[in-house]
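Report on one structure; see the data block that follows.
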Amino acid sequence: MTKSKISPELLRKIPIFSSLTEQVLAQIIQSPDNRVEEYAAKQTIVRESEIGTCMYVVLEGMVEVFIRGAGGGIGREICIATLKKGDFFGDQSLNTDSTGRRSASVRALHPARVFRIDKKHVQLQLHRGGPDEEPAATEDIQSPPPPIKQSEAAELIKGLRLFQSLKPAELESIDTWTTTISVGPGEFVLKESQKGECLYVILEGTVEIFTFDDDGRVVLLATLGKGEHFGEQALMPGGSGQRNAYARTSGIARLIQVPKAYFRLLLNRDSALAQALQRIGEKQKTAIDQIQHK
């Protein structure tokens, strides 16, 4: 498959490219910075923890996403997703809000072709401003996709039990203390033992919470959807401050990040909420300990 045969519609399915014109998408496809790459079965495409320099779109074949297991699974390769034509990966490590390192490894399950998109083309779309920003100097660059409306996040948060103790002024200023992010399919949102800095509320999509047993097998703990939250246990007072499980998206998802300081504010004002979350945390810890130490 040559560049000329790559459909602009294939790229348009990727959130950061979704609002671009066919002309701009064609420029991305034809850019000398980007190219089609072929991989043999079992050949590695990206490695966990390496610095990300590009993202990929699957054109033909299938690829598998895997990580090294934790706990009893140390050193074991754990497959946590299989991606097919049209799926993409590697974009999260290109966001300046991330560590810049790959959160998982990816290799071809069978012979596969992928379209490699250089980091600068991705970051151009990630960091372009909203519709009020001055347009780019060149006519070849199209205006970026409009930012996710914070009012949509505010509407969801206002209806959740978790946030009932917020004051009217705090509810009205939600857009100043939350961040809404888009996450690609099969991407990690958090990993076990990482330090927790925020909790997540699902605005759209599905997130799987899982851990590994003593033999390194994946054990699904929960599948969460719109309006549900995760990641709060690492923010609880008196805890370790570390994530107790893995979380990854099933498909494309949009998530609201709530910083630790605001979560602690909720706990301080709502003792019933704090006690309920404490009980949930104790049950989670017991369940995970039983899974990992059978």
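Residue numbering restarts at 1 in every chain; chains get A, B, ... in the order shown in the structure tokens, and ligands count up from 1 in that same order.
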Please provide as JSON, numbers by chain all residues within 9 Å of segment 243-256 of chain A, with the sequence filter that same-chain residues fewer than 5 positions apart are discarded (counting only C-alpha atoms).
{"A": [14, 15, 80, 81, 153, 178, 179, 180, 181, 182, 183, 184, 185, 186, 187, 188, 189, 190, 191, 192, 193, 194, 195, 196, 199, 200, 201, 202, 203, 204, 205, 206, 207, 208, 209, 210, 211, 212, 221, 230, 231, 232, 233, 234, 235, 284, 285, 288]}
Give the strand (DSSP E) residues of segment 28-263 of chain A, as assigned by DSSP on the backbone, as JSON, numbers by chain.
{"A": [35, 36, 37, 38, 39, 44, 45, 46, 54, 55, 56, 57, 58, 59, 60, 63, 64, 65, 66, 67, 68, 77, 78, 79, 80, 81, 82, 83, 88, 89, 105, 106, 107, 108, 112, 113, 114, 115, 116, 117, 118, 179, 180, 181, 182, 183, 188, 189, 190, 198, 199, 200, 201, 202, 203, 204, 207, 208, 209, 210, 211, 212, 218, 219, 220, 221, 222, 223, 224, 229, 230, 246, 247, 248, 249, 253, 254, 255, 256, 257, 258, 259]}
Counting only C-alpha atoms, what is within 12 Å of Met62 of chain A, bar same-chain residues fewer than 5 positions away, as a PyMOL selection string?
chain A and resi 38-43+45+57+81-88+106-114
From the set A:Val218, A:Leu20, A:Leu94, A:Val258, which residue has the shortest atom-to-atom contact distance to Thr176 of chain A, counting only C-alpha atoms?
A:Val258
Name the residues of segment 108-273 of chain A that come out as helix (DSSP H, G or I) in a backbone DSSP run; write them as a ChimeraX atom specification.
/A:119-126,150-158,161-163,168-172,174-177,233-235,260-269,271-273
